[in-house]
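One structure below.
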Amino acid sequence: MNSMKMSAIFLAMMVALLGGCCGGGSTTVKPTTTTTTVTSGQQLLDLQKAYDSGVITKEQYDKMKKDIINKSSK
């Protein structure tokens with residue numbers, strides 16, 4: 001009977017200890033966003049590097065260059 005009482009006390013203590021580490025409190029997680037602004041000039045320089053290194057074709061370069069210029073003029 002005494003060991004049963006000790007087991008109950010031990011179990012109660014473990015529940016109390018583990019309850020605190022499992023997020024029993026109120027925690028609010030706020031999402032964060034990061035915005036990176038790249039100028040049209042930087043985009044054109046990066047595009048030129050991609051073309052010069054052979055990563056993109058002449059057709060891709062011309063189309064992307066046109067898109068960048070059109071977006072920057074709006």
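Each chain in the structure tokens gets a letter, A, B and so on, in the order shown; residues start at 1 in every chain, and ligands are counted from 1 in the order they appear.
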
I'd like the contact shell of A:Leu47 - 9 Å cut-off, only C-alpha atoms, skipping same-chain residues fewer than 2 positions apart - returned as a PDB file with N, CA and C atoms, in the first residue's frame.
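Produced file selection.pdb, reproduced below:
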ATOM      1  N   GLN A  42      20.621  46.874 -61.309  1.00  0.00           N
ATOM      2  CA  GLN A  42      21.261  45.671 -60.771  1.00  0.00           C
ATOM      3  C   GLN A  42      20.744  44.427 -61.473  1.00  0.00           C
ATOM      4  N   GLN A  43      19.442  44.397 -61.757  1.00  0.00           N
ATOM      5  CA  GLN A  43      18.870  43.251 -62.473  1.00  0.00           C
ATOM      6  C   GLN A  43      19.494  43.126 -63.861  1.00  0.00           C
ATOM      7  N   LEU A  44      19.686  44.263 -64.518  1.00  0.00           N
ATOM      8  CA  LEU A  44      20.289  44.225 -65.858  1.00  0.00           C
ATOM      9  C   LEU A  44      21.746  43.767 -65.800  1.00  0.00           C
ATOM     10  N   LEU A  45      22.477  44.215 -64.777  1.00  0.00           N
ATOM     11  CA  LEU A  45      23.864  43.758 -64.619  1.00  0.00           C
ATOM     12  C   LEU A  45      23.922  42.254 -64.356  1.00  0.00           C
ATOM     13  N   LYS A  49      25.572  39.272 -66.718  1.00  0.00           N
ATOM     14  CA  LYS A  49      26.517  38.254 -66.219  1.00  0.00           C
ATOM     15  C   LYS A  49      26.039  36.853 -66.561  1.00  0.00           C
ATOM     16  N   ALA A  50      24.733  36.628 -66.409  1.00  0.00           N
ATOM     17  CA  ALA A  50      24.186  35.308 -66.724  1.00  0.00           C
ATOM     18  C   ALA A  50      24.367  34.986 -68.206  1.00  0.00           C
ATOM     19  N   TYR A  51      24.144  35.986 -69.041  1.00  0.00           N
ATOM     20  CA  TYR A  51      24.318  35.772 -70.484  1.00  0.00           C
ATOM     21  C   TYR A  51      25.789  35.547 -70.830  1.00  0.00           C
ATOM     22  N   ASP A  52      26.660  36.392 -70.285  1.00  0.00           N
ATOM     23  CA  ASP A  52      28.097  36.277 -70.576  1.00  0.00           C
ATOM     24  C   ASP A  52      28.674  34.939 -70.118  1.00  0.00           C
ATOM     25  N   ILE A  56      22.206  31.621 -69.776  1.00  0.00           N
ATOM     26  CA  ILE A  56      20.988  31.838 -70.557  1.00  0.00           C
ATOM     27  C   ILE A  56      21.362  32.107 -72.015  1.00  0.00           C
ATOM     28  N   TYR A  61      17.960  36.220 -72.869  1.00  0.00           N
ATOM     29  CA  TYR A  61      18.529  37.496 -72.442  1.00  0.00           C
ATOM     30  C   TYR A  61      17.697  38.661 -72.969  1.00  0.00           C
ATOM     31  N   MET A  64      14.164  38.789 -71.262  1.00  0.00           N
ATOM     32  CA  MET A  64      14.239  39.199 -69.860  1.00  0.00           C
ATOM     33  C   MET A  64      14.656  40.663 -69.745  1.00  0.00           C
ATOM     34  N   LYS A  65      15.556  41.108 -70.598  1.00  0.00           N
ATOM     35  CA  LYS A  65      15.986  42.502 -70.598  1.00  0.00           C
ATOM     36  C   LYS A  65      14.798  43.406 -70.917  1.00  0.00           C
TER      37      LYS A  65
END

I need the residue nearest A:Ile69 from this list: A:Ser53, A:Ser40, A:Thr32, A:Gln48. Use only C-alpha atoms for the distance.
A:Ser40
